[in-house]
file work03.cif (mmCIF, C-alpha atoms)
data_upload
loop_
_atom_site.label_atom_id
_atom_site.label_comp_id
_atom_site.auth_asym_id
_atom_site.auth_seq_id
_atom_site.Cartn_x
_atom_site.Cartn_y
_atom_site.Cartn_z
CA MET A 293 22.50 6.73 9.77
CA VAL A 294 25.02 3.94 9.47
CA ASN A 295 26.89 3.48 6.18
CA ASP A 296 26.52 -0.16 5.39
CA ASP A 297 28.39 -2.78 3.39
CA ILE A 298 25.36 -4.30 1.68
CA ASP A 299 27.10 -7.46 0.53
CA THR A 300 28.27 -8.18 4.08
CA ILE A 301 24.78 -7.57 5.44
CA ARG A 302 23.26 -9.84 2.78
CA LEU A 303 25.53 -12.64 4.01
CA GLU A 304 24.50 -11.93 7.59
CA VAL A 305 20.81 -12.15 6.63
CA ARG A 306 21.39 -15.41 4.75
CA ASP A 307 23.20 -16.92 7.73
CA TRP A 308 20.36 -15.88 10.02
CA LEU A 309 17.75 -17.38 7.69
CA LYS A 310 19.66 -20.69 7.55
CA SER A 311 19.01 -21.20 11.25
CA HIS A 312 15.65 -19.42 11.50
CA THR A 313 12.52 -20.33 9.59
CA GLN A 314 8.80 -19.97 10.14
CA GLY A 315 7.98 -23.56 9.29
CA SER A 316 4.57 -24.46 10.64
CA ARG A 317 4.67 -21.92 13.45
CA PRO A 318 1.90 -19.31 13.78
CA ARG A 319 2.51 -16.07 11.89
CA VAL A 320 2.65 -13.83 14.96
CA GLN A 321 5.19 -16.06 16.71
CA TRP A 322 7.49 -15.99 13.68
CA MET A 323 7.08 -12.24 13.22
CA LYS A 324 8.12 -11.61 16.82
CA GLU A 325 11.33 -13.53 16.12
CA VAL A 326 12.02 -11.54 12.95
CA LEU A 327 11.27 -8.30 14.79
CA ALA A 328 13.65 -9.20 17.61
CA SER A 329 16.40 -9.86 15.07
CA GLY A 330 16.11 -6.35 13.65
CA TRP A 331 15.47 -7.58 10.09
CA ALA A 332 11.82 -6.51 10.02
CA CYS A 333 12.65 -2.78 10.19
CA PRO A 334 16.41 -2.41 9.62
CA SER A 335 16.24 1.32 8.82
CA TRP A 336 14.51 2.23 12.08
CA PRO A 337 16.32 3.15 15.33
CA LYS A 338 17.31 0.34 17.67
CA THR A 339 14.85 1.67 20.23
CA TRP A 340 12.08 0.86 17.72
CA TYR A 341 13.15 -2.65 16.66
CA GLY A 342 15.62 -1.55 13.96
CA LYS A 343 19.34 -1.51 13.20
CA GLU A 344 19.75 2.09 11.98
CA PHE A 345 20.76 0.90 8.51
CA SER A 346 19.99 2.68 5.24
CA LEU A 347 16.80 2.22 3.22
CA GLU A 348 18.86 0.57 0.50
CA VAL A 349 19.81 -2.09 3.03
CA SER A 350 16.14 -2.63 3.85
CA TRP A 351 15.43 -3.44 0.21
CA ALA A 352 18.38 -5.84 0.18
CA VAL A 353 16.98 -7.60 3.25
CA VAL A 354 13.59 -7.92 1.50
CA GLU A 355 15.32 -9.58 -1.44
CA GLU A 356 17.12 -12.08 0.80
CA PHE A 357 13.89 -12.99 2.59
CA SER A 358 12.20 -13.39 -0.77
CA GLU A 359 14.91 -15.74 -2.01
CA ALA A 360 14.50 -17.81 1.15
CA ARG A 361 10.68 -17.81 0.73
CA GLU A 362 10.28 -16.29 4.18
CA VAL A 363 8.11 -13.38 5.28
CA GLY A 364 8.73 -10.56 7.72
CA ALA A 365 11.17 -8.14 6.08
CA GLY A 366 10.20 -4.77 4.64
CA GLN A 367 7.91 -3.59 7.40
CA ASP A 368 9.75 -0.25 7.53
CA LEU A 369 9.10 0.14 3.80
CA VAL A 370 5.50 -0.87 3.14
CA ASN A 371 3.60 -1.49 6.40
CA ILE A 372 1.32 1.53 6.02
CA PRO A 373 -0.10 1.91 9.57
CA ALA A 374 3.20 1.01 11.25
CA CYS A 375 5.14 3.51 9.14
CA THR A 376 2.46 6.14 9.76
CA PHE A 377 2.54 5.59 13.52
CA PHE A 378 6.34 5.63 13.49
CA THR A 379 6.44 8.99 11.69
CA PHE A 380 3.41 10.79 13.14
CA GLY A 381 2.19 8.91 16.21
CA THR A 382 2.69 9.95 19.80
CA GLU A 383 5.06 7.98 22.00
CA GLU A 384 2.04 6.47 23.72
CA LEU A 385 0.51 5.27 20.44
CA LYS A 386 3.80 3.84 19.25
CA LYS A 387 4.43 1.99 22.52
CA GLU A 388 0.94 0.48 22.48
CA TRP A 389 0.50 -0.36 18.80
CA LEU A 390 3.74 -0.59 16.83
CA ILE A 391 4.72 -4.10 17.88
CA LYS A 392 1.15 -5.34 17.30
CA LEU A 393 1.12 -3.84 13.81
CA LEU A 394 4.56 -5.15 12.93
CA THR A 395 3.82 -8.70 14.04
CA GLY A 396 0.33 -8.80 12.55
CA GLU A 397 -1.26 -9.37 15.92
CA VAL A 398 -3.70 -6.60 14.97
CA LEU A 399 -5.10 -6.64 11.42
CA ASN A 400 -5.90 -3.31 9.84
CA SER A 401 -7.42 -1.55 6.86
CA LEU A 402 -7.60 2.00 5.46
CA LEU A 403 -10.79 4.08 5.59
CA TYR A 404 -9.95 6.89 3.17
CA SER A 405 -12.03 7.07 -0.04
CA GLU A 406 -15.71 7.97 -0.12
CA PRO A 407 -18.38 7.94 -2.87
CA GLY A 408 -17.77 11.69 -3.43
CA ALA A 409 -14.10 11.78 -2.42
CA GLY A 410 -11.89 9.38 -4.33
CA SER A 411 -9.41 11.14 -6.56
CA ASP A 412 -10.21 14.37 -4.70
CA LEU A 413 -9.70 12.78 -1.29
CA ALA A 414 -9.58 16.15 0.49
CA SER A 415 -13.31 16.53 -0.25
CA LEU A 416 -14.19 13.75 2.21
CA GLN A 417 -17.35 14.34 4.26
CA THR A 418 -17.26 11.68 6.97
CA ARG A 419 -17.83 13.68 10.14
CA ALA A 420 -15.96 13.45 13.46
CA GLU A 421 -17.20 15.34 16.53
CA LEU A 422 -15.56 15.30 19.94
CA LYS A 423 -18.04 14.46 22.70
CA GLY A 424 -16.49 13.95 26.12
CA ASP A 425 -13.67 11.42 25.91
CA ASN A 426 -14.65 10.08 22.49
CA TRP A 427 -14.82 11.19 18.90
CA ILE A 428 -18.16 10.26 17.29
CA ILE A 429 -17.88 9.25 13.63
CA ASP A 430 -20.64 9.27 11.01
CA GLY A 431 -20.20 8.70 7.30
CA GLN A 432 -19.44 6.24 4.51
CA LYS A 433 -16.24 4.83 3.05
CA VAL A 434 -15.67 2.79 -0.10
CA TRP A 435 -12.96 0.70 -1.82
CA THR A 436 -11.71 -0.49 1.56
CA SER A 437 -9.41 -3.50 1.36
CA GLY A 438 -9.45 -6.11 4.11
CA ALA A 439 -12.23 -4.49 6.13
CA LEU A 440 -14.02 -7.76 6.89
CA SER A 441 -11.02 -9.24 8.71
CA ALA A 442 -9.58 -6.01 10.15
CA ASP A 443 -9.57 -5.14 13.84
CA TYR A 444 -8.68 -1.45 13.36
CA ALA A 445 -8.42 1.07 10.54
CA LEU A 446 -6.72 4.34 9.78
CA LEU A 447 -9.75 6.58 9.31
CA ALA A 448 -9.76 10.02 7.70
CA ALA A 449 -12.63 12.25 8.85
CA ARG A 450 -13.54 15.92 8.79
CA THR A 451 -13.20 17.68 12.13
CA ASN A 452 -13.47 21.30 10.98
CA TRP A 453 -15.92 22.50 8.31
CA ASP A 454 -15.01 26.19 8.63
CA VAL A 455 -11.53 26.00 7.07
CA PRO A 456 -10.43 25.01 3.52
CA LYS A 457 -10.82 21.33 2.77
CA HIS A 458 -7.16 20.33 3.21
CA ARG A 459 -6.94 21.91 6.67
CA GLY A 460 -9.95 20.40 8.44
CA ILE A 461 -9.15 16.69 8.26
CA THR A 462 -7.95 14.43 11.09
CA LEU A 463 -6.60 10.88 10.93
CA PHE A 464 -7.85 8.45 13.58
CA TRP A 465 -7.02 4.92 14.72
CA CYS A 466 -10.53 3.46 14.62
CA PRO A 467 -11.64 0.18 16.26
CA LEU A 468 -13.87 -1.64 13.75
CA ARG A 469 -15.35 -4.38 15.90
CA GLN A 470 -18.10 -2.27 17.44
CA ASP A 471 -21.74 -1.40 16.94
CA GLY A 472 -22.32 1.13 14.20
CA VAL A 473 -19.81 -0.37 11.74
CA GLU A 474 -21.45 -2.08 8.74
CA ILE A 475 -19.24 -3.67 6.08
CA ARG A 476 -20.54 -4.69 2.64
CA PRO A 477 -18.25 -6.53 0.16
CA ILE A 478 -18.04 -5.24 -3.43
CA ARG A 479 -17.99 -7.89 -6.17
CA GLN A 480 -15.35 -7.20 -8.83
CA ILE A 481 -15.18 -8.15 -12.51
CA THR A 482 -12.81 -11.00 -11.58
CA GLY A 483 -15.46 -12.48 -9.28
CA GLU A 484 -13.42 -11.63 -6.19
CA SER A 485 -14.38 -9.21 -3.42
CA ASP A 486 -11.14 -7.53 -2.35
CA PHE A 487 -12.90 -4.25 -1.57
CA ASN A 488 -15.76 -3.18 0.67
CA GLU A 489 -18.15 -0.37 1.47
CA VAL A 490 -18.07 0.64 5.14
CA PHE A 491 -20.92 2.54 6.80
CA LEU A 492 -20.19 4.32 10.10
CA THR A 493 -23.01 5.37 12.43
CA ASN A 494 -22.23 6.86 15.86
CA VAL A 495 -18.91 5.00 15.91
CA LYS A 496 -16.75 5.80 18.95
CA ILE A 497 -13.01 6.48 18.88
CA PRO A 498 -11.11 7.33 22.11
CA SER A 499 -9.85 10.91 22.15
CA GLY A 500 -6.24 9.74 22.44
CA SER A 501 -6.43 7.80 19.15
CA VAL A 502 -5.61 10.74 16.88
CA VAL A 503 -2.59 10.11 14.62
CA GLY A 504 -0.80 13.42 14.15
CA ALA A 505 -2.55 16.66 15.07
CA VAL A 506 -6.27 17.45 14.97
CA ASP A 507 -7.17 19.23 11.69
CA ASP A 508 -3.72 18.42 10.25
CA GLY A 509 -4.64 14.97 8.98
CA TRP A 510 -3.86 15.88 5.38
CA THR A 511 -0.15 15.98 6.23
CA VAL A 512 -0.41 12.52 7.80
CA LEU A 513 -2.50 11.21 4.90
CA ARG A 514 0.10 12.34 2.37
CA GLY A 515 2.76 10.45 4.29
CA ALA A 516 0.60 7.32 4.49
CA LEU A 517 -0.27 7.52 0.79
CA ALA A 518 3.41 7.84 -0.11
CA VAL A 519 4.10 4.55 1.72
CA GLU A 520 1.18 2.93 -0.14
CA ARG A 521 2.47 4.14 -3.52
CA VAL A 522 5.93 2.77 -2.83
CA MET A 523 4.35 -0.51 -1.74
CA ILE A 524 2.29 -0.72 -4.92
CA SER A 525 5.34 0.12 -7.01
CA THR A 526 7.28 -3.02 -6.11
CA THR A 527 5.75 -6.48 -6.24
CA LYS A 528 8.61 -8.04 -4.31
CA ALA A 529 8.11 -5.77 -1.32
CA ILE A 530 4.34 -6.05 -1.32
CA ASN A 531 4.61 -9.83 -1.53
CA VAL A 532 7.17 -10.34 1.23
CA ALA A 533 5.78 -7.73 3.59
CA SER A 534 2.07 -8.28 3.07
CA ALA A 535 2.45 -12.05 3.24
CA SER A 536 3.73 -11.65 6.77
CA LEU A 537 0.50 -9.90 7.73
CA SER A 538 -1.91 -12.19 5.89
CA GLY A 539 -0.67 -15.57 7.04
CA ARG A 540 0.25 -16.86 3.58
CA LYS A 541 3.62 -17.99 2.24
CA VAL A 542 5.77 -15.98 -0.14
CA ASP A 543 4.88 -16.74 -3.75
CA SER A 544 7.57 -18.45 -5.82
CA GLY A 545 10.15 -15.83 -6.66
CA GLY A 546 8.41 -13.18 -4.60
CA LEU A 547 6.09 -12.36 -7.48
CA GLY A 548 2.87 -11.13 -5.98
CA LYS A 549 0.16 -10.50 -8.60
CA LEU A 550 2.49 -9.11 -11.27
CA PRO A 551 4.56 -11.64 -13.29
CA ASN A 552 8.20 -10.62 -13.44
CA PRO A 553 10.31 -10.86 -16.63
CA GLU A 554 11.72 -14.27 -15.71
CA VAL A 555 8.24 -15.74 -15.26
CA LEU A 556 7.05 -14.38 -18.62
CA PHE A 557 10.20 -15.64 -20.36
CA ASN A 558 9.69 -19.13 -18.91
CA LEU A 559 6.03 -18.99 -19.98
CA ALA A 560 7.12 -18.15 -23.54
CA LYS A 561 9.44 -21.17 -23.50
CA ARG A 562 6.65 -23.46 -22.29
CA CYS A 563 4.29 -22.13 -24.95
CA GLY A 564 6.94 -22.57 -27.65
CA ASN A 565 7.03 -18.98 -28.88
CA ASN A 566 10.13 -17.67 -27.11
CA THR A 567 11.84 -17.32 -30.51
CA ASP A 568 9.02 -15.24 -32.00
CA PRO A 569 10.57 -11.78 -32.70
CA PHE A 570 7.44 -9.92 -31.60
CA VAL A 571 7.29 -11.82 -28.30
CA ARG A 572 11.03 -11.32 -27.72
CA ASP A 573 10.71 -7.59 -28.41
CA ALA A 574 7.82 -7.33 -25.93
CA LEU A 575 9.77 -9.27 -23.29
CA VAL A 576 12.79 -6.99 -23.63
CA LYS A 577 10.59 -3.90 -23.35
CA PHE A 578 8.90 -5.29 -20.25
CA TYR A 579 12.26 -6.18 -18.69
CA SER A 580 13.49 -2.62 -19.31
CA LEU A 581 10.39 -1.04 -17.75
CA HIS A 582 10.56 -3.45 -14.81
CA ARG A 583 14.24 -2.70 -14.14
CA VAL A 584 13.87 1.08 -14.42
CA ASN A 585 10.99 1.01 -11.97
CA GLN A 586 13.11 -0.90 -9.45
CA TRP A 587 15.67 1.91 -9.61
CA ASN A 588 12.98 4.55 -9.31
CA THR A 589 11.53 2.82 -6.25
CA LEU A 590 14.93 3.07 -4.56
CA ARG A 591 14.98 6.75 -5.56
CA ALA A 592 11.58 7.28 -3.95
CA GLN A 593 12.76 5.64 -0.74
CA THR A 594 15.85 7.84 -0.68
CA GLU A 595 13.69 10.92 -1.22
CA SER A 596 11.54 9.90 1.74
CA LYS A 597 14.46 10.76 4.03
CA ARG A 598 13.87 14.42 3.15
CA GLY A 599 10.22 14.39 4.16
CA PRO A 600 7.28 12.11 4.92
CA SER A 601 5.60 12.45 1.50
CA PRO A 602 8.02 12.26 -1.45
CA PRO A 603 6.20 13.22 -4.68
CA ILE A 604 8.60 10.97 -6.58
CA ALA A 605 6.65 8.02 -5.11
CA SER A 606 3.87 8.97 -7.54
CA LEU A 607 6.25 8.21 -10.41
CA SER A 608 6.83 4.71 -9.05
CA LYS A 609 3.13 4.15 -8.58
CA LEU A 610 2.32 5.37 -12.09
CA ALA A 611 5.07 3.17 -13.52
CA MET A 612 3.70 0.13 -11.71
CA SER A 613 0.25 0.78 -13.19
CA ARG A 614 1.81 0.78 -16.65
CA LEU A 615 3.75 -2.37 -15.81
CA GLN A 616 0.60 -4.19 -14.67
CA HIS A 617 -1.17 -3.48 -17.94
CA TYR A 618 1.87 -4.22 -20.09
CA ALA A 619 2.61 -7.47 -18.25
CA ALA A 620 -0.96 -8.58 -18.89
CA HIS A 621 -0.57 -7.63 -22.57
CA VAL A 622 2.66 -9.64 -22.92
CA GLU A 623 1.20 -12.62 -21.07
CA SER A 624 -1.85 -12.59 -23.36
CA MET A 625 0.43 -12.32 -26.40
CA ILE A 626 2.37 -15.38 -25.23
CA ALA A 627 -0.77 -17.33 -24.37
CA ASP A 628 -2.22 -16.52 -27.82
CA THR A 629 -5.71 -17.96 -28.32
CA GLU A 630 -5.48 -19.89 -25.03
CA GLY A 631 -5.53 -16.49 -23.33
CA LEU A 632 -9.22 -16.27 -24.20
CA LEU A 633 -10.01 -19.24 -21.96
CA ASP A 634 -10.96 -19.06 -18.32
CA ALA A 635 -11.29 -22.63 -17.18
CA PRO A 636 -9.68 -24.87 -14.55
CA ASP A 637 -8.03 -26.99 -17.26
CA SER A 638 -6.26 -23.96 -18.78
CA SER A 639 -3.95 -22.45 -16.20
CA VAL A 640 -2.24 -20.32 -18.85
CA GLY A 641 -5.51 -18.84 -20.08
CA HIS A 642 -6.89 -18.35 -16.60
CA SER A 643 -3.75 -16.51 -15.46
CA ALA A 644 -3.62 -14.27 -18.56
CA LEU A 645 -7.28 -13.33 -18.25
CA ALA A 646 -7.08 -12.75 -14.50
CA HIS A 647 -4.05 -10.47 -14.87
CA SER A 648 -5.72 -8.55 -17.70
CA LEU A 649 -8.80 -7.87 -15.62
CA SER A 650 -7.02 -7.14 -12.33
CA ALA A 651 -4.57 -4.73 -13.99
CA PHE A 652 -7.26 -2.04 -13.90
CA MET A 653 -7.09 -2.00 -10.11
CA ALA A 654 -3.51 -0.76 -10.38
CA SER A 655 -4.76 2.29 -12.26
CA ILE A 656 -6.99 3.24 -9.33
CA ALA A 657 -5.49 1.95 -6.07
CA GLY A 658 -3.33 4.43 -4.17
CA GLY A 659 -4.60 7.31 -6.32
CA THR A 660 -5.61 7.18 -9.98
CA ASP A 661 -3.11 7.46 -12.81
CA GLN A 662 -4.51 10.92 -13.60
CA ILE A 663 -3.90 12.14 -10.06
CA GLN A 664 -0.35 10.76 -10.11
CA ARG A 665 0.33 12.73 -13.31
CA ASN A 666 -0.94 15.86 -11.59
CA VAL A 667 1.36 15.27 -8.60
CA ILE A 668 4.34 14.60 -10.85
CA GLY A 669 3.62 17.65 -13.01
CA GLU A 670 3.13 20.05 -10.13
CA ASN A 671 5.59 18.74 -7.54
CA VAL A 672 8.34 17.06 -9.57
CA LEU A 673 8.36 19.03 -12.84
CA ASN A 674 7.18 22.30 -11.19
CA LEU A 675 4.49 22.89 -13.81
CA GLN A 676 1.64 25.32 -13.19
CA ARG A 677 -0.98 24.02 -10.78
CA GLU A 678 -4.48 23.23 -11.98
CA PRO A 679 -7.08 25.88 -11.02
CA GLU A 680 -8.80 25.09 -7.70
CA VAL A 681 -11.71 27.41 -7.05
CA ASP A 682 -12.43 25.82 -3.67
CA ARG A 683 -8.88 25.63 -2.32
CA ASN A 684 -9.10 28.66 0.00
CA ARG A 685 -12.83 28.56 0.78
CA PRO A 686 -14.25 27.11 4.00
CA PHE A 687 -15.34 23.56 3.19
CA ARG A 688 -18.82 24.27 4.51
CA GLU A 689 -19.34 26.71 1.62
CA VAL A 690 -18.01 24.44 -1.12
CA ARG A 691 -20.49 22.83 -3.51
CA LYS A 692 -20.17 19.08 -3.18
CA PRO A 693 -20.71 16.44 -5.88
CA PHE A 694 -22.09 14.06 -3.28
CA SER A 695 -23.72 14.86 0.04
CA SER A 696 -23.59 12.15 2.67
CA THR A 697 -26.35 11.82 5.22
CA THR A 698 -24.10 13.52 7.75
CA GLY A 699 -22.42 16.23 5.67
CA LYS A 700 -23.70 19.79 5.96
#
call {"tool": "encode", "arguments": {"input": "work03.cif", "output": "structure tokens"}}
result
Amino acid sequence: MVNDDIDTIRLEVRDWLKSHTQGSRPRVQWMKEVLASGWACPSWPKTWYGKEFSLEVSWAVVEEFSEAREVGAGQDLVNIPACTFFTFGTEELKKEWLIKLLTGEVLNSLLYSEPGAGSDLASLQTRAELKGDNWIIDGQKVWTSGALSADYALLAARTNWDVPKHRGITLFWCPLRQDGVEIRPIRQITGESDFNEVFLTNVKIPSGSVVGAVDDGWTVLRGALAVERVMISTTKAINVASASLSGRKVDSGGLGKLPNPEVLFNLAKRCGNNTDPFVRDALVKFYSLHRVNQWNTLRAQTESKRGPSPPIASLSKLAMSRLQHYAAHVESMIADTEGLLDAPDSSVGHSALAHSLSAFMASIAGGTDQIQRNVIGENVLNLQREPEVDRNRPFREVRKPFSSTTGK
């Protein structure tokens, strides 16, 4: 890996962005230009659209794109399917799909969680059976983001019921626009429908669309989940990278859904309570937590060089959950009684209430806070593992909290 002068590379990115901008061009056209420049995936090899720079450089590039209000950087950091294909996919899969995933030509979602397999994802019961040249999928998924607009999904399904639960899972690249796929939006407390239930009945997946090895999907899933946790842990990356795949512009300051310290400080000034000692104390605490998590995110990315699933990413994800809730608390404190309002004529109140309600998603998405504490305790602090009576039993013999129509 190349040792890089980050300041010099920042200047190079700024110069490139001065003469290159998306403007009114279609998203895919702009993304192809960013990809060709090498700034979309700077840490990847040149043969796969990169520059062979360090991960630290990739974060620096994300920051420069954010300052310029342009999308496209950070794909090697937070584009879950692209990173998963890059690490685990066959050469054929990478040649066919990587560029489409990186440019957003193909929209995707993640079919992981099930009604009886959320926190304990390895207990999933969606069934995959190989019949001729196709895998046939039957089952149900839930909490799926972006399913209504997605063309494909990374799908976790059980391919072997006669081995322990972690060893009989396979990850597939599943086409969603076919008969047998039914998608039902879930209405949230905020009134939005970011998530969906997905029902799969006799869904066909070509035999060559396995990501990783058959029955070894848990290894691939852990790698994909690590990317998701890093993505969740940094609002700047999720904003710049996900904006490039959703067709929207970068939010002012690269904020995403979580207000950063500068935004909350400016809000306090507008509301006239920036001199209140309690508000100032809360702002300093939030700034400290925010800054420490930025450092920890870099640490998680560095750890990822040692393996596809760094447990330290769970620390970043857990920290971001805390940040979401604390940011909402500080924003509500600043808004004072106006924070109780949810009306078009009260942007301050609407924002504070929306952030307070949506913060709970951060405690669940990418693995619950409780699961992250388990991962940190067992894999970072080397504490004793929790008892698992079903860990070494064939999954067919394990009592299940929920039995799908296809599980046996």
call {"tool": "resolve_selection", "arguments": {"input": "work03.cif", "expression": "the PyMOL selection byres ((chain A and resi 488-504) around 8)", "output": "PyMOL selection string"}}
result
chain A and resi 377+380-382+385+422+425-440+462-467+470-478+485-487+505-506+508-509+512
call {"tool": "residues_around", "arguments": {"input": "work03.cif", "residues": "region 642-654 of chain A", "least_positions_apart": "6", "cutoff": "7 Å", "atoms": "all atoms listed in the file", "output": "list in words"}}
result
Thr482, Ser613, Gln616, His617, Ala620, Glu623, Ser624, Gly631, Leu632, Leu633, Asp634 and Ala635 of chain A
call {"tool": "write_last_selection", "arguments": {"input": "work03.cif", "atoms": "C-alpha atoms", "output": "compact mmCIF listing (two decimals), in the coordinates of the input"}}
result
# COMPACT_ATOMS: atom_id res chain seq x y z
CA THR A 482 -12.81 -11.00 -11.58
CA SER A 613 0.25 0.78 -13.19
CA GLN A 616 0.60 -4.19 -14.67
CA HIS A 617 -1.17 -3.48 -17.94
CA ALA A 620 -0.96 -8.58 -18.89
CA GLU A 623 1.20 -12.62 -21.07
CA SER A 624 -1.85 -12.59 -23.36
CA GLY A 631 -5.53 -16.49 -23.33
CA LEU A 632 -9.22 -16.27 -24.20
CA LEU A 633 -10.01 -19.24 -21.96
CA ASP A 634 -10.96 -19.06 -18.32
CA ALA A 635 -11.29 -22.63 -17.18
call {"tool": "resolve_selection", "arguments": {"input": "work03.cif", "expression": "the PyMOL selection byres ((chain A and resi 625-629) around 12)", "output": "VMD selection string"}}
result
chain A and resid 555 to 575 618 to 624 630 to 634 638 to 645 648
call {"tool": "atom_distance", "arguments": {"input": "work03.cif", "atom1": "CA of Val398 (chain A)", "atom2": "CA of Ser346 (chain A)"}}
result
27.2 Å
call {"tool": "closest_residue", "arguments": {"input": "work03.cif", "among": "A:Thr418, A:Asp682, A:Gln480, A:Ser411", "to": "Asn666 (chain A)", "atoms": "only C-alpha atoms"}}
result
A:Ser411
call {"tool": "atom_distance", "arguments": {"input": "work03.cif", "atom1": "CA of Ser316 (chain A)", "atom2": "CA of Trp336 (chain A)"}}
result
28.5 Å
call {"tool": "residues_around", "arguments": {"input": "work03.cif", "residues": "region 368-374 of chain A", "least_positions_apart": "5", "cutoff": "6 Å", "atoms": "only C-alpha atoms", "output": "JSON list (two decimals) with C-alpha atoms, in the coordinates of the input"}}
result
[["chain", "number", "residue", "atom", "x", "y", "z"],
["A", 333, "CYS", "CA", 12.65, -2.78, 10.19],
["A", 390, "LEU", "CA", 3.74, -0.59, 16.83],
["A", 393, "LEU", "CA", 1.12, -3.84, 13.81],
["A", 519, "VAL", "CA", 4.10, 4.55, 1.72],
["A", 523, "MET", "CA", 4.35, -0.51, -1.74]]
call {"tool": "closest_residue", "arguments": {"input": "work03.cif", "among": "A:Ala605, A:Val349, A:Ala332, A:Val576", "to": "Asp297 (chain A)", "atoms": "all atoms listed in the file"}}
result
A:Val349
call {"tool": "residues_around", "arguments": {"input": "work03.cif", "residues": "region 413-416 of chain A", "least_positions_apart": "3", "cutoff": "10 Å", "atoms": "all atoms listed in the file", "output": "ChimeraX atom specification"}}
result
/A:404-410,419,431-433,448-450,456-461,509-510,513,659,682-683,687,690,692-696,699
call {"tool": "write_last_selection", "arguments": {"input": "work03.cif", "atoms": "C-alpha atoms", "output": "short mmCIF file (atom, residue, chain, number, x, y, z; two decimals), keeping the file's coordinate frame"}}
result
data_model
loop_
_atom_site.label_atom_id
_atom_site.label_comp_id
_atom_site.auth_asym_id
_atom_site.auth_seq_id
_atom_site.Cartn_x
_atom_site.Cartn_y
_atom_site.Cartn_z
CA TYR A 404 -9.95 6.89 3.17
CA SER A 405 -12.03 7.07 -0.04
CA GLU A 406 -15.71 7.97 -0.12
CA PRO A 407 -18.38 7.94 -2.87
CA GLY A 408 -17.77 11.69 -3.43
CA ALA A 409 -14.10 11.78 -2.42
CA GLY A 410 -11.89 9.38 -4.33
CA ARG A 419 -17.83 13.68 10.14
CA GLY A 431 -20.20 8.70 7.30
CA GLN A 432 -19.44 6.24 4.51
CA LYS A 433 -16.24 4.83 3.05
CA ALA A 448 -9.76 10.02 7.70
CA ALA A 449 -12.63 12.25 8.85
CA ARG A 450 -13.54 15.92 8.79
CA PRO A 456 -10.43 25.01 3.52
CA LYS A 457 -10.82 21.33 2.77
CA HIS A 458 -7.16 20.33 3.21
CA ARG A 459 -6.94 21.91 6.67
CA GLY A 460 -9.95 20.40 8.44
CA ILE A 461 -9.15 16.69 8.26
CA GLY A 509 -4.64 14.97 8.98
CA TRP A 510 -3.86 15.88 5.38
CA LEU A 513 -2.50 11.21 4.90
CA GLY A 659 -4.60 7.31 -6.32
CA ASP A 682 -12.43 25.82 -3.67
CA ARG A 683 -8.88 25.63 -2.32
CA PHE A 687 -15.34 23.56 3.19
CA VAL A 690 -18.01 24.44 -1.12
CA LYS A 692 -20.17 19.08 -3.18
CA PRO A 693 -20.71 16.44 -5.88
CA PHE A 694 -22.09 14.06 -3.28
CA SER A 695 -23.72 14.86 0.04
CA SER A 696 -23.59 12.15 2.67
CA GLY A 699 -22.42 16.23 5.67
#
call {"tool": "atom_distance", "arguments": {"input": "work03.cif", "atom1": "CA of Asp454 (chain A)", "atom2": "CA of Gln662 (chain A)"}}
result
28.9 Å
call {"tool": "closest_residue", "arguments": {"input": "work03.cif", "among": "A:Val305, A:Ala516, A:Leu607, A:Leu615", "to": "Asn552 (chain A)", "atoms": "all atoms listed in the file"}}
result
A:Leu615
call {"tool": "resolve_selection", "arguments": {"input": "work03.cif", "expression": "the PyMOL selection byres ((chain A and resi 663) around 12)", "output": "list in words"}}
result
Gly410, Ser411, Asp412, Leu413, Pro603, Ser606, Leu607, Lys609, Leu610, Ser655, Ile656, Ala657, Gly658, Gly659, Thr660, Asp661, Gln662, Gln664, Arg665, Asn666, Val667, Ile668, Gly669, Glu670, Asn671 and Glu678 of chain A
call {"tool": "closest_residue", "arguments": {"input": "work03.cif", "among": "A:Leu447, A:Gly366, A:Glu383, A:Trp389", "to": "Leu402 (chain A)", "atoms": "all atoms listed in the file"}}
result
A:Leu447
call {"tool": "residues_around", "arguments": {"input": "work03.cif", "residues": "Gly342 (chain A)", "least_positions_apart": "5", "cutoff": "12 Å", "atoms": "all atoms listed in the file", "output": "JSON list (two decimals) with C-alpha atoms, in the frame of the given file"}}
result
[["chain", "number", "residue", "atom", "x", "y", "z"],
["A", 293, "MET", "CA", 22.50, 6.73, 9.77],
["A", 294, "VAL", "CA", 25.02, 3.94, 9.47],
["A", 326, "VAL", "CA", 12.02, -11.54, 12.95],
["A", 327, "LEU", "CA", 11.27, -8.30, 14.79],
["A", 328, "ALA", "CA", 13.65, -9.20, 17.61],
["A", 329, "SER", "CA", 16.40, -9.86, 15.07],
["A", 330, "GLY", "CA", 16.11, -6.35, 13.65],
["A", 331, "TRP", "CA", 15.47, -7.58, 10.09],
["A", 332, "ALA", "CA", 11.82, -6.51, 10.02],
["A", 333, "CYS", "CA", 12.65, -2.78, 10.19],
["A", 334, "PRO", "CA", 16.41, -2.41, 9.62],
["A", 335, "SER", "CA", 16.24, 1.32, 8.82],
["A", 336, "TRP", "CA", 14.51, 2.23, 12.08],
["A", 337, "PRO", "CA", 16.32, 3.15, 15.33],
["A", 347, "LEU", "CA", 16.80, 2.22, 3.22],
["A", 349, "VAL", "CA", 19.81, -2.09, 3.03],
["A", 350, "SER", "CA", 16.14, -2.63, 3.85],
["A", 365, "ALA", "CA", 11.17, -8.14, 6.08],
["A", 366, "GLY", "CA", 10.20, -4.77, 4.64],
["A", 367, "GLN", "CA", 7.91, -3.59, 7.40],
["A", 368, "ASP", "CA", 9.75, -0.25, 7.53],
["A", 378, "PHE", "CA", 6.34, 5.63, 13.49],
["A", 391, "ILE", "CA", 4.72, -4.10, 17.88],
["A", 394, "LEU", "CA", 4.56, -5.15, 12.93]]
